[in-house]
$ cat protein_31.cif   # mmCIF, C-alpha atoms and all ligand atoms
data_coords
#
loop_
_atom_site.label_atom_id
_atom_site.label_comp_id
_atom_site.auth_asym_id
_atom_site.auth_seq_id
_atom_site.Cartn_x
_atom_site.Cartn_y
_atom_site.Cartn_z
CA MET A 26 44.88 -20.16 22.50
CA SER A 27 45.52 -23.36 20.62
CA GLY A 28 42.77 -25.27 18.88
CA LYS A 29 43.27 -28.07 21.39
CA LYS A 30 42.45 -25.87 24.38
CA TRP A 31 39.35 -24.54 22.68
CA TYR A 32 38.37 -28.11 21.90
CA ASN A 33 38.55 -28.98 25.62
CA LEU A 34 36.52 -25.90 26.57
CA ILE A 35 33.81 -26.75 24.05
CA LYS A 36 33.86 -30.39 25.18
CA ASN A 37 33.29 -29.31 28.79
CA MET A 38 30.45 -27.09 27.70
CA LEU A 39 28.92 -29.86 25.62
CA ALA A 40 28.81 -32.07 28.70
CA LYS A 41 26.57 -29.50 30.36
CA THR A 42 24.09 -29.16 27.48
CA ASN A 43 20.63 -30.60 27.29
CA TYR A 44 20.95 -34.22 26.15
CA ASP A 45 17.39 -34.17 24.79
CA ASN A 46 18.56 -31.93 21.95
CA PRO A 47 20.16 -33.41 18.81
CA PRO A 48 24.00 -33.51 18.98
CA LEU A 49 24.42 -30.83 16.29
CA THR A 50 22.16 -28.41 18.17
CA ARG A 51 24.16 -29.05 21.34
CA LEU A 52 27.40 -28.36 19.48
CA ILE A 53 26.03 -25.11 18.01
CA GLU A 54 24.76 -23.96 21.40
CA SER A 55 28.08 -24.72 23.06
CA LEU A 56 30.04 -22.86 20.38
CA LEU A 57 27.77 -19.82 20.65
CA GLU A 58 27.73 -19.77 24.43
CA GLN A 59 31.51 -20.17 24.68
CA GLY A 60 31.99 -17.43 22.05
CA PHE A 61 29.71 -15.06 23.91
CA SER A 62 31.40 -15.70 27.25
CA GLU A 63 34.82 -15.10 25.63
CA GLY A 64 33.54 -11.71 24.41
CA ALA A 65 33.56 -12.63 20.69
CA SER A 66 32.13 -9.88 18.51
CA ASP A 67 31.55 -12.34 15.64
CA ILE A 68 31.44 -16.09 15.31
CA TYR A 69 32.41 -17.51 11.91
CA PHE A 70 31.44 -20.83 10.36
CA GLU A 71 33.53 -20.88 7.22
CA PRO A 72 33.82 -23.71 4.70
CA ASN A 73 37.19 -24.40 3.09
CA THR A 74 38.45 -27.05 0.62
CA ASN A 75 37.94 -30.11 2.82
CA GLN A 76 36.85 -28.69 6.12
CA MET A 77 34.77 -26.19 8.05
CA ASP A 78 36.57 -23.66 10.25
CA VAL A 79 34.89 -22.20 13.30
CA SER A 80 36.46 -18.96 14.56
CA TYR A 81 35.78 -16.28 17.15
CA ARG A 82 36.63 -12.65 16.54
CA ILE A 83 37.86 -11.34 19.89
CA ASP A 84 39.14 -7.75 20.23
CA GLY A 85 39.41 -7.55 16.47
CA ASP A 86 41.50 -10.71 16.03
CA LEU A 87 40.23 -13.90 14.47
CA ASN A 88 40.92 -17.02 16.58
CA ASN A 89 40.43 -20.39 14.93
CA ILE A 90 38.85 -22.62 17.54
CA LEU A 91 37.64 -25.75 15.82
CA THR A 92 38.02 -27.50 12.49
CA LEU A 93 35.31 -29.92 11.44
CA PRO A 94 35.06 -32.35 8.50
CA ALA A 95 33.35 -30.72 5.49
CA LYS A 96 30.30 -32.98 5.75
CA THR A 97 29.72 -32.13 9.44
CA GLY A 98 30.21 -28.48 8.50
CA ILE A 99 27.43 -28.61 5.92
CA ASP A 100 25.09 -30.26 8.45
CA LEU A 101 26.03 -27.63 11.03
CA ILE A 102 25.21 -24.75 8.65
CA SER A 103 21.86 -26.28 7.72
CA GLN A 104 21.04 -26.83 11.40
CA ILE A 105 21.87 -23.16 12.18
CA LYS A 106 19.49 -22.21 9.37
CA ASN A 107 16.79 -24.45 10.90
CA LEU A 108 17.25 -22.91 14.32
CA SER A 109 17.16 -19.32 13.00
CA GLN A 110 14.11 -17.24 12.36
CA ASN A 111 14.16 -14.04 10.29
CA GLY A 112 17.94 -13.87 10.44
CA ARG A 113 18.06 -14.26 14.20
CA LEU A 114 18.83 -17.11 16.55
CA GLU A 115 17.84 -17.04 20.18
CA LEU A 116 20.00 -18.87 22.72
CA ASN A 117 18.76 -19.39 26.25
CA THR A 118 21.49 -20.17 28.73
CA PRO A 119 21.03 -20.49 32.50
CA LYS A 120 22.49 -16.99 32.87
CA ASN A 121 21.50 -15.11 29.73
CA LYS A 122 19.13 -14.90 26.86
CA ILE A 123 21.37 -14.06 23.93
CA ILE A 124 20.12 -13.10 20.50
CA PHE A 125 22.47 -13.62 17.57
CA SER A 126 22.06 -12.09 14.16
CA VAL A 127 22.74 -14.66 11.45
CA CYS A 128 24.32 -13.57 8.21
CA LEU A 129 24.60 -16.08 5.36
CA ILE A 130 27.21 -15.57 2.63
CA TYR A 131 27.83 -17.73 -0.43
CA THR A 132 31.51 -18.54 -1.07
CA ASN A 133 33.36 -20.77 -3.55
CA PHE A 134 33.32 -23.53 -0.96
CA GLY A 135 29.67 -23.27 -0.01
CA GLU A 136 27.62 -21.39 2.54
CA LYS A 137 29.39 -19.39 5.21
CA ILE A 138 27.68 -18.04 8.32
CA ILE A 139 28.68 -15.11 10.50
CA MET A 140 26.84 -14.76 13.79
CA ARG A 141 26.95 -11.71 16.00
CA PRO A 142 25.50 -11.37 19.50
CA ASP A 143 23.04 -8.46 19.50
CA ASN A 144 23.51 -7.65 23.16
CA GLN A 145 27.25 -7.30 22.88
CA ARG A 146 28.86 -6.24 26.07
CA GLU A 147 31.01 -3.62 24.33
CA VAL A 148 28.15 -1.13 24.37
CA GLY A 149 28.44 -0.82 28.14
CA LEU A 150 29.03 2.89 28.64
CA GLU A 151 31.16 2.37 31.69
CA LYS A 152 33.83 0.75 29.52
CA ILE A 153 34.74 3.94 27.74
CA SER A 154 37.43 5.99 29.38
CA LEU A 155 37.30 9.61 28.34
CA SER A 156 39.76 12.01 29.80
CA LEU A 157 38.28 14.73 31.92
CA ASP A 158 39.84 17.29 29.57
CA LEU A 159 38.01 15.86 26.59
CA LEU A 160 34.67 15.79 28.41
CA LYS A 161 35.13 19.38 29.57
CA LEU A 162 36.05 20.47 26.06
CA ILE A 163 32.94 18.85 24.60
CA GLU A 164 30.67 20.31 27.26
CA LYS A 165 32.16 23.77 26.83
CA ASN A 166 31.78 23.63 23.07
CA ILE A 167 28.15 22.60 23.17
CA LYS A 168 27.22 25.20 25.76
CA GLU A 169 29.15 28.11 24.28
CA SER A 170 28.72 27.66 20.59
CA PRO A 171 26.08 25.32 19.32
CA GLY A 172 26.59 23.61 16.00
CA MET A 173 27.76 20.18 15.05
CA ILE A 174 30.14 17.91 16.88
CA LEU A 175 31.27 15.32 14.39
CA VAL A 176 32.61 12.02 15.72
CA ALA A 177 34.53 10.23 12.97
CA GLY A 178 36.15 6.83 12.94
CA PRO A 179 36.25 3.53 11.07
CA ALA A 180 33.45 0.97 11.43
CA GLY A 181 33.49 -0.59 14.88
CA SER A 182 35.67 2.10 16.45
CA GLY A 183 33.10 2.95 19.10
CA LYS A 184 31.63 6.16 17.62
CA THR A 185 28.15 5.40 18.89
CA THR A 186 29.45 4.63 22.37
CA LEU A 187 31.15 8.03 22.48
CA LEU A 188 28.01 9.74 21.17
CA TYR A 189 25.96 8.02 23.88
CA LYS A 190 28.49 9.07 26.48
CA ILE A 191 28.22 12.70 25.37
CA LEU A 192 24.41 12.51 25.47
CA GLU A 193 24.56 11.12 28.98
CA LEU A 194 26.74 14.06 29.93
CA LEU A 195 24.35 16.61 28.44
CA ASP A 196 21.12 15.04 29.62
CA SER A 197 19.09 17.12 32.04
CA PRO A 198 15.33 17.37 32.71
CA HIS A 199 15.21 20.75 30.99
CA ILE A 200 16.48 19.74 27.63
CA ASN A 201 14.91 17.64 24.97
CA ILE A 202 17.24 15.20 23.22
CA SER A 203 16.23 13.14 20.20
CA THR A 204 18.24 10.54 18.34
CA ILE A 205 18.10 8.80 14.99
CA GLU A 206 19.92 5.51 14.96
CA ASP A 207 20.63 2.76 12.54
CA ARG A 208 20.01 0.25 15.32
CA ILE A 209 19.37 1.14 18.93
CA LYS A 210 22.35 -0.34 20.69
CA HIS A 211 21.73 1.07 24.12
CA PRO A 212 18.37 2.26 25.45
CA LEU A 213 18.71 5.61 27.21
CA GLU A 214 16.32 6.99 29.77
CA ASN A 215 14.50 10.28 29.03
CA ILE A 216 15.89 10.44 25.52
CA ASN A 217 13.65 10.11 22.51
CA GLN A 218 15.32 7.44 20.36
CA SER A 219 14.12 6.51 16.89
CA ARG A 220 15.36 3.85 14.56
CA LEU A 221 15.83 4.28 10.81
CA ASN A 222 14.00 2.01 8.44
CA PRO A 223 15.03 2.74 4.84
CA LYS A 224 12.84 -0.14 3.58
CA ILE A 225 9.72 1.88 4.39
CA GLY A 226 11.32 5.16 3.36
CA TYR A 227 12.32 6.26 6.85
CA THR A 228 15.79 7.35 5.79
CA ALA A 229 18.18 9.61 7.70
CA ALA A 230 17.06 12.65 5.65
CA VAL A 231 13.34 11.96 6.24
CA ALA A 232 13.91 11.25 9.93
CA LEU A 233 15.94 14.44 10.34
CA ARG A 234 13.30 16.64 8.72
CA SER A 235 10.55 15.18 10.85
CA LEU A 236 12.64 15.55 14.03
CA LEU A 237 13.46 19.17 13.21
CA ARG A 238 9.76 19.96 13.13
CA GLN A 239 9.54 18.78 16.75
CA ASP A 240 12.33 21.21 17.60
CA PRO A 241 14.43 19.24 20.12
CA ASN A 242 17.34 21.01 21.85
CA ILE A 243 19.87 18.42 20.75
CA ILE A 244 19.81 15.94 17.91
CA MET A 245 22.09 12.93 17.72
CA ALA A 246 22.46 10.89 14.52
CA ASP A 247 24.72 7.89 15.02
CA GLU A 248 25.85 7.79 11.42
CA ILE A 249 25.07 10.18 8.62
CA ASN A 250 26.05 8.37 5.48
CA ASN A 251 24.26 10.16 2.70
CA GLU A 252 24.72 13.57 1.20
CA GLU A 253 21.12 14.72 1.50
CA ALA A 254 20.99 13.99 5.23
CA MET A 255 24.42 15.57 5.76
CA LYS A 256 23.28 18.73 4.01
CA VAL A 257 20.14 19.01 6.19
CA ALA A 258 22.27 18.41 9.28
CA LEU A 259 24.89 21.00 8.31
CA GLN A 260 22.33 23.64 7.34
CA ASN A 261 20.57 23.29 10.68
CA SER A 262 23.79 23.22 12.65
CA ALA A 263 24.85 26.43 10.92
CA LYS A 264 21.62 28.00 12.18
CA GLY A 265 22.66 27.17 15.73
CA ARG A 266 21.12 23.75 16.35
CA ALA A 267 23.14 21.51 18.67
CA PHE A 268 23.91 18.45 16.65
CA LEU A 269 25.94 15.32 17.41
CA SER A 270 26.76 13.19 14.47
CA GLY A 271 28.76 10.07 13.69
CA LEU A 272 30.63 9.73 10.41
CA ARG A 273 32.26 6.58 9.16
CA SER A 274 35.75 7.47 8.03
CA SER A 275 39.18 5.99 8.54
CA GLY A 276 40.79 9.25 7.48
CA ASP A 277 42.26 12.11 9.46
CA VAL A 278 40.68 15.55 9.82
CA VAL A 279 42.10 16.68 6.47
CA ASN A 280 40.50 13.69 4.67
CA ILE A 281 37.21 14.19 6.46
CA ILE A 282 36.91 17.85 5.47
CA SER A 283 38.10 17.31 1.92
CA ASP A 284 35.63 14.42 1.49
CA LEU A 285 32.81 16.71 2.63
CA ILE A 286 33.92 19.38 0.16
CA LYS A 287 34.12 16.75 -2.61
CA THR A 288 30.49 15.75 -2.03
CA GLY A 289 29.52 19.33 -2.83
CA MET A 290 29.09 20.81 0.64
CA PRO A 291 30.04 24.49 0.42
CA PRO A 292 33.23 25.15 2.45
CA GLU A 293 31.59 28.15 4.18
CA LEU A 294 28.73 25.90 5.31
CA ILE A 295 31.16 23.29 6.69
CA SER A 296 33.10 25.98 8.50
CA SER A 297 30.05 27.63 10.06
CA ALA A 298 28.15 24.41 10.86
CA ILE A 299 30.83 22.22 12.40
CA ASN A 300 32.13 23.17 15.76
CA LEU A 301 34.40 20.30 16.71
CA ILE A 302 35.65 17.17 14.97
CA ILE A 303 36.59 14.22 17.15
CA THR A 304 38.45 11.44 15.39
CA GLN A 305 38.61 8.12 17.11
CA ARG A 306 40.52 4.85 16.82
CA LEU A 307 40.36 1.63 18.81
CA VAL A 308 43.54 0.01 20.05
CA ARG A 309 43.99 -3.16 22.06
CA ARG A 310 44.61 -3.15 25.77
CA PRO A 311 47.34 -5.34 27.26
CA CYS A 312 46.00 -8.15 29.44
CA GLY A 313 45.74 -7.05 33.07
CA ASP A 314 46.65 -10.53 34.35
CA CYS A 315 50.05 -10.81 32.67
CA LEU A 316 50.96 -7.12 32.35
CA GLU A 317 54.64 -6.29 32.69
CA LYS A 318 56.60 -3.07 32.62
CA TYR A 319 59.60 -2.95 30.29
CA ASN A 320 62.06 -0.58 28.68
CA PRO A 321 61.88 -0.46 24.89
CA ASP A 322 64.91 -1.89 23.08
CA ALA A 323 66.97 0.07 20.54
CA GLU A 324 64.76 -0.92 17.62
CA GLU A 325 61.56 0.16 19.35
CA LYS A 326 63.18 3.41 20.44
CA GLU A 327 64.18 4.12 16.87
CA MET A 328 60.60 3.46 15.64
CA LEU A 329 59.26 5.63 18.43
CA ASN A 330 61.51 8.51 17.42
CA GLN A 331 60.48 8.16 13.78
CA ILE A 332 56.80 8.26 14.66
CA ILE A 333 57.24 11.33 16.82
CA LYS A 334 59.29 13.01 14.08
CA ASN A 335 56.79 12.18 11.32
CA ASN A 336 53.62 13.02 13.15
CA ILE A 337 54.33 15.46 15.89
CA SER A 338 56.21 18.61 15.11
CA SER A 339 57.02 19.33 18.73
CA GLN A 340 59.65 17.17 20.37
CA MET A 341 58.72 14.70 23.07
CA PRO A 342 62.15 14.22 24.65
CA PHE A 343 60.75 12.72 27.84
CA MET A 344 59.44 9.77 25.80
CA GLU A 345 62.97 8.41 25.65
CA LYS A 346 62.97 7.87 29.35
CA LEU A 347 59.54 6.31 29.68
CA SER A 348 58.77 2.72 30.43
CA PHE A 349 56.00 0.96 28.58
CA TYR A 350 53.86 -2.09 29.19
CA ARG A 351 53.02 -5.34 27.47
CA GLY A 352 51.22 -8.60 28.21
CA ARG A 353 53.45 -11.67 28.49
CA GLY A 354 50.57 -13.94 27.49
CA CYS A 355 48.59 -16.10 29.91
CA GLY A 356 45.56 -18.34 30.08
CA LYS A 357 43.22 -15.40 30.61
CA CYS A 358 44.27 -13.75 27.33
CA HIS A 359 44.76 -17.03 25.45
CA GLY A 360 48.45 -16.28 25.11
CA THR A 361 47.92 -13.12 23.05
CA GLY A 362 48.96 -10.63 25.75
CA TYR A 363 45.90 -8.54 24.95
CA ARG A 364 42.45 -8.31 26.48
CA GLY A 365 39.88 -5.65 25.69
CA GLN A 366 40.23 -2.39 23.84
CA THR A 367 40.51 1.29 24.51
CA SER A 368 39.85 4.36 22.38
CA LEU A 369 42.23 7.09 21.31
CA TYR A 370 40.88 10.53 20.50
CA GLU A 371 41.90 13.61 18.63
CA THR A 372 39.82 16.77 18.83
CA THR A 373 40.05 19.53 16.26
CA LYS A 374 38.33 22.87 16.55
CA MET A 375 36.85 24.00 13.25
CA SER A 376 38.01 27.30 11.81
CA PRO A 377 38.07 29.06 8.43
CA GLU A 378 41.88 28.70 8.52
CA LEU A 379 41.56 24.91 8.81
CA ILE A 380 39.24 24.79 5.78
CA GLU A 381 41.69 26.98 3.89
CA SER A 382 44.64 24.73 4.65
CA VAL A 383 42.63 21.68 3.53
CA GLN A 384 41.70 23.43 0.29
CA LYS A 385 45.32 24.37 -0.31
CA ASN A 386 45.94 20.68 0.22
CA ASP A 387 49.17 20.85 2.12
CA GLY A 388 48.78 17.08 2.22
CA GLN A 389 49.98 16.68 5.75
CA LYS A 390 48.45 13.82 7.67
CA LYS A 391 47.11 15.15 10.93
CA ILE A 392 47.06 12.43 13.53
CA ALA A 393 49.46 14.05 15.97
CA GLU A 394 46.91 14.14 18.79
CA LEU A 395 45.91 10.51 18.24
CA ILE A 396 49.56 9.48 18.46
CA LYS A 397 50.10 11.65 21.54
CA ASP A 398 47.01 10.25 23.23
CA GLY A 399 48.22 6.77 22.29
CA LEU A 400 51.73 7.30 23.67
CA ASN A 401 50.35 8.71 26.90
CA LYS A 402 48.01 5.74 27.25
CA ALA A 403 50.85 3.34 26.39
CA SER A 404 53.02 4.87 29.11
CA ARG A 405 50.20 4.17 31.59
CA GLY A 406 49.74 0.58 30.46
CA GLU A 407 46.38 1.21 28.77
CA THR A 408 47.75 0.10 25.41
CA THR A 409 51.11 -0.96 23.97
CA LEU A 410 53.78 0.62 21.79
CA ALA A 411 53.12 -2.10 19.19
CA GLU A 412 49.53 -0.86 18.89
CA ILE A 413 50.70 2.73 18.35
CA PHE A 414 53.18 1.58 15.67
CA ARG A 415 50.30 -0.20 13.93
CA LEU A 416 48.15 2.95 14.12
CA ALA A 417 50.94 5.13 12.70
CA LYS A 418 51.37 2.76 9.72
CA GLU A 419 47.66 2.72 8.77
ZN ZN A 501 47.27 -12.41 29.88
#

$ encode --input "protein_31.cif" --output "structure tokens" --more "lines below"
Ligand SMILES: [Zn+2]
Amino acid sequence: MSGKKWYNLIKNMLAKTNYDNPPLTRLIESLLEQGFSEGASDIYFEPNTNQMDVSYRIDGDLNNILTLPAKTGIDLISQIKNLSQNGRLELNTPKNKIIFSVCLIYTNFGEKIIMRPDNQREVGLEKISLSLDLLKLIEKNIKESPGMILVAGPAGSGKTTLLYKILELLDSPHINISTIEDRIKHPLENINQSRLNPKIGYTAAVALRSLLRQDPNIIMADEINNEEAMKVALQNSAKGRAFLSGLRSSGDVVNIISDLIKTGMPPELISSAINLIITQRLVRRPCGDCLEKYNPDAEEKEMLNQIIKNNISSQMPFMEKLSFYRGRGCGKCHGTGYRGQTSLYETTKMSPELIESVQKNDGQKKIAELIKDGLNKASRGETTLAEIFRLAKE
């Protein structure tokens, strides 16, 4: 969407604000409310040489929506600081009460603010579309052979959402599930959720040890990011504890295992503790309002063949004949052709042979299943070929 259109939207919103408030407060409230209703994950107030840029991050892309004179920008930042308390700003709209976290960063051009709605809609569990096969595989693995299911992906790829979804699947009155989370993003019924607080010494390792004493049937840790906690988790998984854990990594299965080995985890422990590794990536969804079916041109076909050749050893001859989808761009998607996101998954069963091949370092990137999942989703209009090309290049 062009800056002009955003300007009109904000202007319309401003007209509806409370005229008793100072103009700057009304402008801030309008920008935040519009950002939230557009589904922005972050709202940026960023000073530059002679101006202040206001941008929304929507589905991973940064959209510049307003440029203000530098002086107004400085006033705006100081007003946001006045309105915030303990790094949070509360916005009451007729429909919602929205809490934004406020993060202040010092740059060459002055203070920059990034605001993020706490109650982001992306945590809605219904938004995640897991294939029935994947759900069955996870359920089967947990029931037949306890141990750790590791969900790995880059920051913001929806690891926690998947972990929540798995918990929901496993929840029953007879089992006791406990979680340790960096920040509780989604309250779950009947599940004992606890939040880490490293400032008072409640770290992942401490939390894990205290949870283990209570002996729950299943433990979920949304992100294990230190070696001590990982070791405790692996040792207990190897003893047969059902464990779900998130791991921040943008690597493939080979990278994930070799990183664990590099941190000093014994390969035998990794092999006996981990049951299944699920790697996950987010891709954009084409906009449902301007979706069109098309046949890839020669250039796209050539790229498609390359990707299949480089990543997937088996042939996918039928791909040649498939149609794909894209968004033409419309008002609803601000001309981008994209709206929303979907996840791609790759599941890998742990085995001593896998560990051996990682140690031999055959160096092969293993994202075949992610690419396959992506191509299948692209052929159903859930993502686009362009998104899969981007993923393959990463
Ligand atoms: Zn559209």

$ closest_residue --input "protein_31.cif" --among "A:Arg310, A:Lys385, A:Lys402, A:Lys326" --to "ligand ZN 501 (chain A)" --atoms "only C-alpha atoms and all ligand atoms"
A:Arg310

$ residues_near_ligand --input "protein_31.cif" --ligand "ligand ZN 501 (chain A)" --cutoff "6 Å" --atoms "all atoms listed in the file" --output "PyMOL selection string"
chain A and resi 312+314-315+352+354-355+357-358+362

$ atom_distance --input "protein_31.cif" --atom1 "CA of Val231 in chain A" --atom2 "CA of Lys210 in chain A"
21.0 Å

$ closest_atom_pairs --input "protein_31.cif" --of "range 266-379 of chain A" --to "range 238-251 of chain A" --cutoff "10 Å" --atoms "all atoms listed in the file" --output "Markdown table"
| residue | atom | partner | partner_atom | distance |
| --- | --- | --- | --- | --- |
| A:Arg266 | CA | A:Ile243 | CA | 7.0 |
| A:Ala267 | CA | A:Ile243 | CA | 5.0 |
| A:Phe268 | CA | A:Ile244 | CA | 5.0 |
| A:Leu269 | CA | A:Met245 | CA | 4.5 |
| A:Ser270 | CA | A:Ala246 | CA | 4.9 |
| A:Gly271 | CA | A:Glu248 | CA | 4.3 |
| A:Leu272 | CA | A:Glu248 | CA | 5.3 |
| A:Arg273 | CA | A:Glu248 | CA | 6.9 |
| A:Thr288 | CA | A:Asn251 | CA | 9.6 |

$ residues_around --input "protein_31.cif" --residues "Val79 in chain A" --least-positions-apart "2" --cutoff "6 Å" --atoms "only C-alpha atoms" --output "NGL selection string"
:A and (69-70 or 90-91)

$ atom_distance --input "protein_31.cif" --atom1 "CA of Asp67 in chain A" --atom2 "CA of Arg141 in chain A"
4.7 Å

$ residues_around --input "protein_31.cif" --residues "Leu221 in chain A" --least-positions-apart "5" --cutoff "8 Å" --atoms "all atoms listed in the file" --output "list of chain:residue names"
A:Ile205, A:Glu206, A:Asp207, A:Arg208, A:Tyr227, A:Thr228, A:Ala229, A:Ala232

$ residues_around --input "protein_31.cif" --residues "Cys128 in chain A" --least-positions-apart "5" --cutoff "10 Å" --atoms "all atoms listed in the file" --output "count of residues only"
9

$ residues_around --input "protein_31.cif" --residues "Pro179 in chain A" --least-positions-apart "4" --cutoff "8 Å" --atoms "only C-alpha atoms" --output "ChimeraX atom specification"
/A:273-275,305-306

$ residues_around --input "protein_31.cif" --residues "Leu369 in chain A" --least-positions-apart "3" --cutoff "9 Å" --atoms "all atoms listed in the file" --output "VMD selection string"
chain A and resid 155 304 to 308 394 to 396 398 to 399 402

$ write_last_selection --input "protein_31.cif" --atoms "C-alpha atoms" --output "JSON list (two decimals), keeping the file's coordinate frame"
[["chain", "number", "residue", "atom", "x", "y", "z"],
["A", 155, "LEU", "CA", 37.30, 9.61, 28.34],
["A", 304, "THR", "CA", 38.45, 11.44, 15.39],
["A", 305, "GLN", "CA", 38.61, 8.12, 17.11],
["A", 306, "ARG", "CA", 40.52, 4.85, 16.82],
["A", 307, "LEU", "CA", 40.36, 1.63, 18.81],
["A", 308, "VAL", "CA", 43.54, 0.01, 20.05],
["A", 394, "GLU", "CA", 46.91, 14.14, 18.79],
["A", 395, "LEU", "CA", 45.91, 10.51, 18.24],
["A", 396, "ILE", "CA", 49.56, 9.48, 18.46],
["A", 398, "ASP", "CA", 47.01, 10.25, 23.23],
["A", 399, "GLY", "CA", 48.22, 6.77, 22.29],
["A", 402, "LYS", "CA", 48.01, 5.74, 27.25]]

$ closest_residue --input "protein_31.cif" --among "A:Pro94, A:Pro291, A:Pro223, A:Gly365" --to "Ile380 in chain A" --atoms "all atoms listed in the file"
A:Pro291

$ closest_residue --input "protein_31.cif" --among "A:Arg351, A:Arg220, A:Lys184, A:Lys391" --to "Ser368 in chain A" --atoms "all atoms listed in the file"
A:Lys184

$ atom_distance --input "protein_31.cif" --atom1 "CA of Tyr32 in chain A" --atom2 "CA of Tyr131 in chain A"
26.8 Å

$ closest_residue --input "protein_31.cif" --among "A:Leu400, A:Met38, A:Ile163, A:Ala323" --to "Leu347 in chain A" --atoms "all atoms listed in the file"
A:Leu400

$ residues_near_point --input "protein_31.cif" --point "(37.4, 25.0, 3.9)" --cutoff "12 Å" --atoms "only C-alpha atoms" --output "mmCIF file with C-alpha atoms, in the coordinates of the input"
data_model
loop_
_atom_site.group_PDB
_atom_site.id
_atom_site.type_symbol
_atom_site.label_atom_id
_atom_site.label_comp_id
_atom_site.auth_asym_id
_atom_site.auth_seq_id
_atom_site.Cartn_x
_atom_site.Cartn_y
_atom_site.Cartn_z
ATOM 1 C CA VAL A 278 40.680 15.550 9.820
ATOM 2 C CA VAL A 279 42.100 16.680 6.470
ATOM 3 C CA ASN A 280 40.500 13.690 4.670
ATOM 4 C CA ILE A 281 37.210 14.190 6.460
ATOM 5 C CA ILE A 282 36.910 17.850 5.470
ATOM 6 C CA SER A 283 38.100 17.310 1.920
ATOM 7 C CA ASP A 284 35.630 14.420 1.490
ATOM 8 C CA LEU A 285 32.810 16.710 2.630
ATOM 9 C CA ILE A 286 33.920 19.380 0.160
ATOM 10 C CA LYS A 287 34.120 16.750 -2.610
ATOM 11 C CA GLY A 289 29.520 19.330 -2.830
ATOM 12 C CA MET A 290 29.090 20.810 0.640
ATOM 13 C CA PRO A 291 30.040 24.490 0.420
ATOM 14 C CA PRO A 292 33.230 25.150 2.450
ATOM 15 C CA GLU A 293 31.590 28.150 4.180
ATOM 16 C CA LEU A 294 28.730 25.900 5.310
ATOM 17 C CA ILE A 295 31.160 23.290 6.690
ATOM 18 C CA SER A 296 33.100 25.980 8.500
ATOM 19 C CA SER A 297 30.050 27.630 10.060
ATOM 20 C CA ALA A 298 28.150 24.410 10.860
ATOM 21 C CA ILE A 299 30.830 22.220 12.400
ATOM 22 C CA MET A 375 36.850 24.000 13.250
ATOM 23 C CA SER A 376 38.010 27.300 11.810
ATOM 24 C CA PRO A 377 38.070 29.060 8.430
ATOM 25 C CA GLU A 378 41.880 28.700 8.520
ATOM 26 C CA LEU A 379 41.560 24.910 8.810
ATOM 27 C CA ILE A 380 39.240 24.790 5.780
ATOM 28 C CA GLU A 381 41.690 26.980 3.890
ATOM 29 C CA SER A 382 44.640 24.730 4.650
ATOM 30 C CA VAL A 383 42.630 21.680 3.530
ATOM 31 C CA GLN A 384 41.700 23.430 0.290
ATOM 32 C CA LYS A 385 45.320 24.370 -0.310
ATOM 33 C CA ASN A 386 45.940 20.680 0.220
#

$ residues_near_point --input "protein_31.cif" --point "(53.0, -2.9, 20.9)" --cutoff "10 Å" --atoms "only C-alpha atoms" --output "mmCIF file with C-alpha atoms, keeping the file's coordinate frame"
data_model
loop_
_atom_site.group_PDB
_atom_site.id
_atom_site.type_symbol
_atom_site.label_atom_id
_atom_site.label_comp_id
_atom_site.auth_asym_id
_atom_site.auth_seq_id
_atom_site.Cartn_x
_atom_site.Cartn_y
_atom_site.Cartn_z
ATOM 1 C CA VAL A 308 43.540 0.010 20.050
ATOM 2 C CA ARG A 309 43.990 -3.160 22.060
ATOM 3 C CA ARG A 310 44.610 -3.150 25.770
ATOM 4 C CA PRO A 311 47.340 -5.340 27.260
ATOM 5 C CA GLU A 325 61.560 0.160 19.350
ATOM 6 C CA PHE A 349 56.000 0.960 28.580
ATOM 7 C CA TYR A 350 53.860 -2.090 29.190
ATOM 8 C CA ARG A 351 53.020 -5.340 27.470
ATOM 9 C CA GLY A 352 51.220 -8.600 28.210
ATOM 10 C CA GLY A 362 48.960 -10.630 25.750
ATOM 11 C CA TYR A 363 45.900 -8.540 24.950
ATOM 12 C CA ALA A 403 50.850 3.340 26.390
ATOM 13 C CA THR A 408 47.750 0.100 25.410
ATOM 14 C CA THR A 409 51.110 -0.960 23.970
ATOM 15 C CA LEU A 410 53.780 0.620 21.790
ATOM 16 C CA ALA A 411 53.120 -2.100 19.190
ATOM 17 C CA GLU A 412 49.530 -0.860 18.890
ATOM 18 C CA ILE A 413 50.700 2.730 18.350
ATOM 19 C CA PHE A 414 53.180 1.580 15.670
ATOM 20 C CA ARG A 415 50.300 -0.200 13.930
#

$ closest_residue --input "protein_31.cif" --among "A:Thr372, A:Asn261, A:Ser404, A:Asn33" --to "Leu162 in chain A" --atoms "only C-alpha atoms"
A:Thr372

$ closest_residue --input "protein_31.cif" --among "A:Arg405, A:Lys36, A:Arg51, A:His199" --to "Ile105 in chain A" --atoms "only C-alpha atoms"
A:Arg51

$ axis_aligned_box --input "protein_31.cif" --around "range 293-302 of chain A" --padding-each-side "8 Å" --output "lines of an AutoDock Vina configuration file"
center_x = 31.9
center_y = 22.7
center_z = 10.4
size_x = 23.5
size_y = 27.0
size_z = 28.5
